[in-house]
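Structure file structure00.cif (mmCIF, C-alpha atoms and all ligand atoms) is printed below.
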```cif
data_target
loop_
_atom_site.label_atom_id
_atom_site.label_comp_id
_atom_site.auth_asym_id
_atom_site.auth_seq_id
_atom_site.Cartn_x
_atom_site.Cartn_y
_atom_site.Cartn_z
CA MET A 568 0.00 0.00 0.00
CA LEU A 569 1.37 3.40 -1.05
CA VAL A 570 0.38 6.33 1.16
CA LEU A 571 1.00 10.02 0.57
CA GLY A 572 1.34 11.92 3.87
CA ILE A 573 0.66 15.63 4.25
CA GLU A 574 1.57 17.65 7.35
CA SER A 575 0.54 21.31 7.55
CA SER A 576 -0.51 21.87 11.16
CA CYS A 577 1.86 24.73 11.96
CA ASP A 578 4.94 26.18 10.30
CA GLU A 579 6.21 23.26 8.24
CA THR A 580 4.82 21.86 5.00
CA GLY A 581 5.83 18.20 5.13
CA ILE A 582 5.15 15.68 2.37
CA ALA A 583 6.11 11.98 2.31
CA ILE A 584 5.41 8.70 0.58
CA TYR A 585 5.29 5.56 2.70
CA ASP A 586 5.06 2.02 1.38
CA SER A 587 3.60 -0.60 3.74
CA ASP A 588 6.16 -3.18 2.54
CA LYS A 589 9.24 -1.08 1.84
CA GLY A 590 8.87 1.65 4.48
CA LEU A 591 9.53 5.33 3.84
CA LEU A 592 10.24 5.92 0.14
CA ALA A 593 10.66 9.68 0.07
CA HIS A 594 9.96 12.85 1.98
CA THR A 595 10.41 16.58 1.68
CA LEU A 596 9.85 19.58 3.89
CA HIS A 597 9.50 23.31 3.55
CA SER A 598 10.12 25.17 6.81
CA GLN A 599 8.61 28.60 7.49
CA ILE A 600 10.96 29.44 10.34
CA GLU A 601 12.57 32.30 8.44
CA LEU A 602 9.17 33.71 7.51
CA HIS A 603 8.03 33.92 11.14
CA SER A 604 11.33 34.73 12.83
CA ASN A 605 10.90 38.50 12.39
CA TYR A 606 7.71 38.30 14.44
CA GLY A 607 9.13 36.17 17.29
CA GLY A 608 6.51 33.49 16.76
CA VAL A 609 4.21 31.87 14.21
CA VAL A 610 1.78 34.26 12.47
CA PRO A 611 -1.17 32.00 11.58
CA GLU A 612 -2.34 33.88 8.46
CA LEU A 613 1.18 33.92 7.01
CA ALA A 614 1.50 30.22 7.79
CA SER A 615 -1.68 29.35 5.85
CA ARG A 616 -0.64 31.44 2.84
CA ASP A 617 2.79 29.84 2.78
CA HIS A 618 1.30 26.33 2.93
CA ILE A 619 -0.90 27.22 -0.07
CA LYS A 620 2.15 28.42 -1.96
CA TYR A 621 4.28 25.33 -1.39
CA ILE A 622 2.02 22.33 -0.89
CA ILE A 623 1.25 21.41 -4.53
CA PRO A 624 4.74 22.10 -5.92
CA LEU A 625 6.24 19.99 -3.11
CA ILE A 626 3.94 17.04 -3.87
CA ASP A 627 4.60 17.33 -7.61
CA GLN A 628 8.34 17.50 -7.13
CA LEU A 629 8.45 14.57 -4.69
CA LEU A 630 6.46 12.32 -7.03
CA LYS A 631 8.58 13.39 -10.01
CA ASP A 632 11.95 12.99 -8.24
CA ASN A 633 11.02 9.49 -7.17
CA SER A 634 9.32 8.47 -10.43
CA ILE A 635 6.05 7.72 -8.65
CA ALA A 636 2.88 8.15 -10.69
CA ILE A 637 0.16 9.96 -8.79
CA ASN A 638 -2.39 7.29 -9.73
CA SER A 639 -0.27 4.59 -8.06
CA LEU A 640 -1.13 6.08 -4.65
CA ASP A 641 -3.52 3.96 -2.56
CA ALA A 642 -4.45 6.51 0.11
CA ILE A 643 -3.78 10.06 1.28
CA ALA A 644 -3.10 10.72 4.95
CA TYR A 645 -3.14 14.23 6.33
CA THR A 646 -2.90 15.96 9.68
CA SER A 647 -6.44 16.70 10.78
CA GLY A 648 -5.44 18.45 14.06
CA PRO A 649 -4.54 19.77 16.50
CA GLY A 650 -2.90 22.83 14.97
CA LEU A 651 -3.60 26.22 13.42
CA SER A 652 -7.02 26.00 11.79
CA GLY A 653 -6.13 27.84 8.57
CA ALA A 654 -2.93 25.82 8.14
CA LEU A 655 -4.75 22.55 8.79
CA LEU A 656 -7.44 23.52 6.31
CA VAL A 657 -4.87 23.86 3.51
CA GLY A 658 -3.61 20.30 4.02
CA SER A 659 -6.98 18.72 4.68
CA SER A 660 -8.80 20.33 1.74
CA LEU A 661 -6.02 19.41 -0.66
CA ALA A 662 -5.84 15.84 0.68
CA GLU A 663 -9.60 15.37 0.51
CA ALA A 664 -9.84 16.83 -3.00
CA LEU A 665 -6.93 14.75 -4.28
CA ALA A 666 -8.28 11.55 -2.71
CA PHE A 667 -11.71 12.25 -4.20
CA SER A 668 -10.30 12.88 -7.66
CA LEU A 669 -8.13 9.73 -7.52
CA ASN A 670 -11.01 7.73 -5.99
CA ILE A 671 -8.86 6.53 -3.08
CA PRO A 672 -9.44 6.88 0.69
CA SER A 673 -8.31 9.90 2.67
CA ILE A 674 -7.06 9.20 6.19
CA PRO A 675 -7.23 11.99 8.79
CA VAL A 676 -4.37 11.60 11.29
CA HIS A 677 -4.06 13.14 14.74
CA HIS A 678 -0.81 15.12 14.77
CA LEU A 679 0.26 13.65 18.11
CA GLU A 680 -0.35 10.11 16.92
CA GLY A 681 2.07 10.93 14.09
CA HIS A 682 4.69 12.09 16.62
CA LEU A 683 4.28 9.16 18.94
CA LEU A 684 4.52 6.55 16.19
CA SER A 685 7.45 8.34 14.47
CA PRO A 686 10.15 6.07 16.04
CA MET A 687 8.52 3.28 13.99
CA LEU A 688 10.03 4.92 10.89
CA GLU A 689 13.38 3.51 12.02
CA GLU A 690 14.67 0.04 11.27
CA ASP A 691 14.92 -0.84 14.95
CA LYS A 692 11.25 -0.36 15.86
CA PRO A 693 9.67 -0.63 19.30
CA SER A 694 7.02 -3.31 19.70
CA PHE A 695 3.74 -2.75 21.50
CA PRO A 696 3.10 -2.00 24.28
CA PHE A 697 5.49 0.83 25.07
CA LEU A 698 5.67 4.12 26.91
CA ALA A 699 5.88 7.36 24.91
CA LEU A 700 7.33 10.64 26.09
CA LEU A 701 5.83 13.22 23.78
CA VAL A 702 7.65 16.53 24.11
CA SER A 703 6.75 19.07 21.44
CA GLY A 704 5.99 22.76 21.15
CA GLY A 705 2.39 22.02 22.15
CA HIS A 706 2.53 18.99 24.44
CA THR A 707 4.39 17.32 27.26
CA GLN A 708 2.81 13.96 27.86
CA LEU A 709 3.63 10.48 29.04
CA ILE A 710 1.44 8.04 27.15
CA ASP A 711 0.78 4.35 27.59
CA VAL A 712 0.76 3.05 24.00
CA LYS A 713 -0.92 -0.35 24.07
CA ASN A 714 -1.40 -0.58 20.31
CA ILE A 715 -2.26 1.63 17.30
CA GLY A 716 -5.14 3.79 18.49
CA GLU A 717 -5.02 2.46 22.07
CA TYR A 718 -3.50 5.29 24.03
CA LYS A 719 -3.81 6.36 27.65
CA ILE A 720 -2.37 9.63 28.91
CA LEU A 721 -0.50 8.93 32.15
CA GLY A 722 0.97 12.38 32.70
CA ASP A 723 0.45 15.83 31.25
CA THR A 724 1.61 19.35 31.88
CA LEU A 725 -0.28 21.51 34.34
CA ASP A 726 0.84 24.72 32.61
CA ASP A 727 3.66 25.38 30.09
CA VAL A 728 4.88 22.58 27.85
CA ALA A 729 8.54 21.63 27.48
CA GLY A 730 8.98 23.19 24.02
CA GLU A 731 7.35 26.41 25.19
CA ALA A 732 9.68 26.54 28.21
CA PHE A 733 12.67 26.13 25.86
CA ASP A 734 11.33 28.79 23.48
CA LYS A 735 10.46 31.32 26.21
CA THR A 736 13.81 30.86 27.94
CA ALA A 737 15.56 31.26 24.58
CA LYS A 738 13.66 34.50 24.03
CA LEU A 739 14.69 35.77 27.48
CA LEU A 740 18.32 35.10 26.58
CA GLY A 741 17.94 36.95 23.29
CA LEU A 742 18.07 33.89 21.03
CA GLY A 743 15.85 33.71 17.98
CA TYR A 744 12.60 31.85 17.37
CA PRO A 745 11.99 28.95 17.81
CA GLY A 746 14.75 28.89 20.37
CA GLY A 747 14.85 25.24 21.46
CA SER A 748 17.81 24.11 19.42
CA ALA A 749 19.70 27.43 19.78
CA LEU A 750 19.23 27.28 23.56
CA SER A 751 20.46 23.72 23.60
CA GLU A 752 23.59 24.65 21.61
CA LEU A 753 24.27 27.55 23.98
CA ALA A 754 23.74 25.29 27.03
CA ASP A 755 26.40 22.91 25.74
CA LYS A 756 28.91 25.78 26.03
CA GLY A 757 27.89 26.54 29.62
CA THR A 758 28.98 25.09 32.95
CA PHE A 759 27.36 24.45 36.32
CA LYS A 760 27.15 27.93 37.94
CA PHE A 761 23.48 28.30 38.78
CA GLU A 762 20.85 26.06 40.23
CA LEU A 763 17.28 26.31 38.95
CA PRO A 764 14.18 24.54 40.34
CA LYS A 765 13.23 21.09 39.09
CA PRO A 766 9.43 21.39 39.35
CA LEU A 767 7.48 18.38 40.64
CA LEU A 768 10.62 16.23 40.61
CA LYS A 769 9.80 14.72 43.99
CA SER A 770 6.04 14.36 43.47
CA HIS A 771 4.71 10.88 42.80
CA ALA A 772 2.30 12.08 40.13
CA LEU A 773 3.42 11.87 36.49
CA ASN A 774 2.39 15.44 35.69
CA PHE A 775 4.74 18.25 34.71
CA SER A 776 4.81 21.98 35.44
CA PHE A 777 7.30 24.29 33.76
CA SER A 778 5.94 27.80 34.22
CA GLY A 779 7.78 28.25 37.56
CA LEU A 780 11.03 27.28 35.90
CA LYS A 781 10.52 29.98 33.28
CA THR A 782 9.86 32.56 36.04
CA ALA A 783 12.98 31.39 37.89
CA VAL A 784 15.03 31.99 34.71
CA LEU A 785 13.55 35.49 34.43
CA THR A 786 14.48 36.26 38.06
CA LEU A 787 17.99 34.90 37.51
CA VAL A 788 18.44 36.97 34.34
CA LYS A 789 17.30 40.14 36.15
CA LYS A 790 19.77 39.50 38.99
CA GLN A 791 22.79 39.51 36.67
CA GLU A 792 24.83 42.69 36.58
CA LYS A 793 26.06 41.90 33.10
CA LEU A 794 24.41 39.37 30.85
CA THR A 795 27.57 38.29 29.05
CA ASN A 796 27.58 35.41 26.59
CA GLU A 797 29.27 33.30 29.24
CA VAL A 798 26.57 34.03 31.83
CA LYS A 799 23.87 33.33 29.23
CA ALA A 800 25.47 29.97 28.47
CA ASP A 801 25.58 29.09 32.17
CA ILE A 802 21.89 30.02 32.58
CA ALA A 803 21.02 27.93 29.52
CA PHE A 804 23.03 25.07 31.03
CA ALA A 805 21.12 25.26 34.33
CA PHE A 806 17.77 25.44 32.52
CA GLN A 807 18.57 22.44 30.35
CA GLU A 808 19.77 20.44 33.37
CA SER A 809 16.53 21.13 35.28
CA ILE A 810 14.10 20.40 32.48
CA THR A 811 15.85 17.23 31.28
CA ASP A 812 16.19 15.91 34.85
CA VAL A 813 12.44 16.30 35.34
CA LEU A 814 11.59 14.70 31.97
CA VAL A 815 13.92 11.76 32.61
CA SER A 816 12.84 11.17 36.19
CA LYS A 817 9.11 11.18 35.31
CA SER A 818 9.76 8.86 32.36
CA ILE A 819 11.53 6.38 34.63
CA LYS A 820 8.68 6.62 37.16
CA ALA A 821 6.17 5.87 34.37
CA LEU A 822 8.27 2.89 33.20
CA GLU A 823 8.24 1.53 36.76
CA GLU A 824 4.47 2.04 37.07
CA THR A 825 3.61 0.38 33.75
CA GLY A 826 6.30 -2.29 33.99
CA TYR A 827 7.21 -1.54 30.36
CA LYS A 828 10.78 -1.99 29.18
CA SER A 829 10.61 0.37 26.16
CA ILE A 830 10.14 4.09 25.87
CA VAL A 831 9.89 6.12 22.68
CA VAL A 832 10.70 9.83 22.74
CA SER A 833 9.15 12.05 20.12
CA GLY A 834 8.30 15.66 19.32
CA GLY A 835 10.67 18.57 18.75
CA VAL A 836 12.24 18.52 22.23
CA GLY A 837 13.10 14.87 21.55
CA ALA A 838 15.89 16.30 19.36
CA ASN A 839 17.56 17.63 22.51
CA LYS A 840 20.96 16.00 22.88
CA LYS A 841 21.12 16.28 26.67
CA LEU A 842 17.74 14.57 27.00
CA ARG A 843 18.89 11.80 24.64
CA ASP A 844 22.19 11.33 26.48
CA LYS A 845 20.54 11.17 29.90
CA LEU A 846 17.88 8.69 28.78
CA ASN A 847 20.48 6.55 27.02
CA SER A 848 22.68 6.38 30.07
CA HIS A 849 19.74 5.54 32.37
CA SER A 850 18.52 2.89 29.95
CA LYS A 851 21.80 0.99 30.36
CA LYS A 852 21.75 1.21 34.15
CA GLU A 853 18.05 0.54 34.60
CA ASN A 854 17.62 -2.01 31.85
CA PHE A 855 15.09 -0.45 29.51
CA LYS A 856 15.31 0.38 25.83
CA VAL A 857 14.89 3.88 24.46
CA PHE A 858 13.81 4.63 20.89
CA PHE A 859 14.22 7.99 19.18
CA PRO A 860 13.17 9.02 15.71
CA LYS A 861 15.96 10.47 13.53
CA LEU A 862 16.52 14.14 14.35
CA GLU A 863 14.71 15.27 11.18
CA PHE A 864 11.61 13.29 12.25
CA CYS A 865 11.50 14.73 15.79
CA THR A 866 10.06 18.02 14.60
CA ASP A 867 7.00 18.21 12.34
CA ASN A 868 7.25 16.21 9.12
CA GLY A 869 5.16 14.40 6.53
CA ALA A 870 6.80 11.00 7.10
CA MET A 871 5.18 10.45 10.49
CA ILE A 872 1.76 11.31 9.03
CA ALA A 873 2.18 8.95 6.07
CA LEU A 874 3.33 6.20 8.47
CA ALA A 875 0.47 6.72 10.96
CA GLY A 876 -2.04 6.82 8.06
CA CYS A 877 -0.64 3.58 6.67
CA LEU A 878 -0.78 1.83 10.07
CA ARG A 879 -4.35 3.08 10.60
CA ALA A 880 -5.43 1.86 7.14
CA HIS A 881 -3.82 -1.52 7.78
CA LEU A 882 -5.63 -1.79 11.11
CA SER A 883 -9.06 -0.99 9.65
CA SER A 884 -8.54 -3.44 6.77
CA LYS A 885 -8.08 -6.20 9.38
CA LYS A 886 -11.33 -5.33 11.19
O1 LIG A 901 7.17 18.79 17.45
P1 LIG A 901 7.45 20.18 17.04
O2 LIG A 901 8.23 20.39 15.76
O3 LIG A 901 6.17 21.02 16.85
C1 LIG A 901 5.00 20.83 17.56
O4 LIG A 901 4.22 19.94 17.16
O5 LIG A 901 4.86 21.55 18.55
O6 LIG A 901 8.22 20.85 18.27
C2 LIG A 901 8.71 22.14 18.23
C3 LIG A 901 9.39 22.46 19.57
C4 LIG A 901 9.81 23.91 19.68
O7 LIG A 901 9.37 24.38 20.93
C5 LIG A 901 11.33 23.85 19.58
O8 LIG A 901 11.97 24.91 20.25
C6 LIG A 901 11.62 22.52 20.23
O9 LIG A 901 10.59 21.67 19.72
N1 LIG A 901 12.95 22.00 19.87
C7 LIG A 901 13.92 21.74 20.77
C8 LIG A 901 15.05 21.28 20.04
N2 LIG A 901 14.71 21.26 18.71
C9 LIG A 901 13.42 21.70 18.63
N3 LIG A 901 13.94 21.86 22.11
C10 LIG A 901 15.07 21.52 22.75
N4 LIG A 901 16.19 21.07 22.14
C11 LIG A 901 16.23 20.94 20.79
N5 LIG A 901 17.34 20.50 20.19
ZN ZN A 902 4.44 18.53 16.13
#
```
Rewrite the structure from the file as structure tokens, please.
Amino acid sequence: MLVLGIESSCDETGIAIYDSDKGLLAHTLHSQIELHSNYGGVVPELASRDHIKYIIPLIDQLLKDNSIAINSLDAIAYTSGPGLSGALLVGSSLAEALAFSLNIPSIPVHHLEGHLLSPMLEEDKPSFPFLALLVSGGHTQLIDVKNIGEYKILGDTLDDVAGEAFDKTAKLLGLGYPGGSALSELADKGTFKFELPKPLLKSHALNFSFSGLKTAVLTLVKKQEKLTNEVKADIAFAFQESITDVLVSKSIKALEETGYKSIVVSGGVGANKKLRDKLNSHSKKENFKVFFPKLEFCTDNGAMIALAGCLRAHLSSKK
């Protein structure tokens, strides 16, 4: 089965072709980061207009570059939400129209399902059931993944999400938008000079709370006589230590509670090297396996949507 995947929920137009037998055949992405960076955040109307501009040329080019005839597609999967409504509408209306004209099914995919199944794009795939740590710009969740479509949220954020905390801290330190990866690069140049709170680290619940951490960074920034690059790096270091310690400790708690031996990490913050290193080193000591998507599939992309659509279609054909 050949599935075209379309992702347009926010500021990336992602297109991919997934084959149920051969895996991911091709993918392409147009990022709008530059377009929005002048505004310090995503401008929804600009996002929709940019998706309109790129979505058809990207599909055409991908099919052409890979010598795939459009009428050999068996289904079209697209992100149905959550996301910016105008941006979602561009992807969904194109997917529905194309599926209708080709007389093939369209498969609406929940964006987060795409993220949490994305480690299954890799050769070394997790098998069900597993625990998922979903850390994106919109979510921080621990999810019990029993099977495709059988998900139970075990922990969620009470306020800010991890990606938002990274982005807001990056903004405070004068880094661009979205600041997650820039902050992480800066943190790697820093050393242990400051201690920041690790919210809810000791609590038994699996929930997260990051708004206090952001306020603590603000207070720390204000206290500095001179905000030199070195001081900024040390603040970024402390922030990254706190947030990754909390994410890792809650993940281990959730593994203990579920008794699962596998955890997948997905979403943009899953690209964070410190988080990956800490989870990898714990996995050796505590005997669990950790699965990450490739860095390019941590942030929004069409491949995860094509994959999730294909798995969904396979599931419903068995019913
Ligand atoms: O999954 P994603 O692309 O979009 C959503 O669905 O939200 O995640 C975007 C988030 C942003 O907040 C971005 O700053 C963060 O992921 N991010 C990172 C890194 N790369 C992206 N955060 C920390 N470290 C990174 N290396
Ligand atoms: Zn996402």
Please, what distance in Å, to one decimal, runs between CA of Met871 in chain A and atom O7 of ligand LIG 901 (chain A)? 17.9 Å
Compute the set of protein, DNA and RNA residues whose minimum atom distance to ligand ZN 902 (chain A) is at most 9 Å, using only C-alpha atoms and all ligand atoms, and state it as a PyMOL selection string. chain A and resi 576-577+650+678-679+681-682+702-706+833-835+865-868
Check the smallest atom-to-atom distance from each of A:Asp844, A:Glu797, A:Glu579, A:Glu824 to ligand LIG 901 (chain A) using all atoms listed in the file, then report the winner.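 Closest to ligand LIG 901 (chain A) of all the choices is A:Glu579.
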Best match for closeness to ligand LIG 901 (chain A) among A:Lys799, A:Lys840, A:Lys713, A:Lys765, counting all atoms listed in the file: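 The closest residue to ligand LIG 901 (chain A) is A:Lys840.
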List as a PDB file with C-alpha atoms, in the coordinates of the input the protein and nucleic acid residues near Gln628 in chain A, meaning an atom at most 12 Å away when all atoms listed in the file are counted, but skip any in the same chain fewer than 2 places from it.
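Saved the output as out_38.pdb:
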```pdb
ATOM      1  CA  ILE A 582       5.150  15.680   2.370  1.00  0.00           C
ATOM      2  CA  ALA A 583       6.110  11.980   2.310  1.00  0.00           C
ATOM      3  CA  ALA A 593      10.660   9.680   0.070  1.00  0.00           C
ATOM      4  CA  HIS A 594       9.960  12.850   1.980  1.00  0.00           C
ATOM      5  CA  THR A 595      10.410  16.580   1.680  1.00  0.00           C
ATOM      6  CA  LEU A 596       9.850  19.580   3.890  1.00  0.00           C
ATOM      7  CA  TYR A 621       4.280  25.330  -1.390  1.00  0.00           C
ATOM      8  CA  ILE A 622       2.020  22.330  -0.890  1.00  0.00           C
ATOM      9  CA  ILE A 623       1.250  21.410  -4.530  1.00  0.00           C
ATOM     10  CA  PRO A 624       4.740  22.100  -5.920  1.00  0.00           C
ATOM     11  CA  LEU A 625       6.240  19.990  -3.110  1.00  0.00           C
ATOM     12  CA  ILE A 626       3.940  17.040  -3.870  1.00  0.00           C
ATOM     13  CA  LEU A 630       6.460  12.320  -7.030  1.00  0.00           C
ATOM     14  CA  LYS A 631       8.580  13.390 -10.010  1.00  0.00           C
ATOM     15  CA  ASP A 632      11.950  12.990  -8.240  1.00  0.00           C
ATOM     16  CA  ASN A 633      11.020   9.490  -7.170  1.00  0.00           C
ATOM     17  CA  SER A 634       9.320   8.470 -10.430  1.00  0.00           C
ATOM     18  CA  ILE A 635       6.050   7.720  -8.650  1.00  0.00           C
ATOM     19  CA  ALA A 636       2.880   8.150 -10.690  1.00  0.00           C
ATOM     20  CA  ILE A 637       0.160   9.960  -8.790  1.00  0.00           C
TER      21      ILE A 637
END
```
Closest of A:Leu569, A:Leu862, A:Val857, A:Ala805 to ligand LIG 901 (chain A) - atom-to-atom distances counting only C-alpha atoms and all ligand atoms: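 Closest to ligand LIG 901 (chain A), using only C-alpha atoms and all ligand atoms: A:Leu862.
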With only C-alpha atoms as the basis for distance, which of A:Phe695, A:Pro764, A:Val815, A:Gly869 is at the shortest distance from Arg843 in chain A?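 Among A:Phe695, A:Pro764, A:Val815, A:Gly869, it is A:Val815 that comes nearest to Arg843 in chain A.
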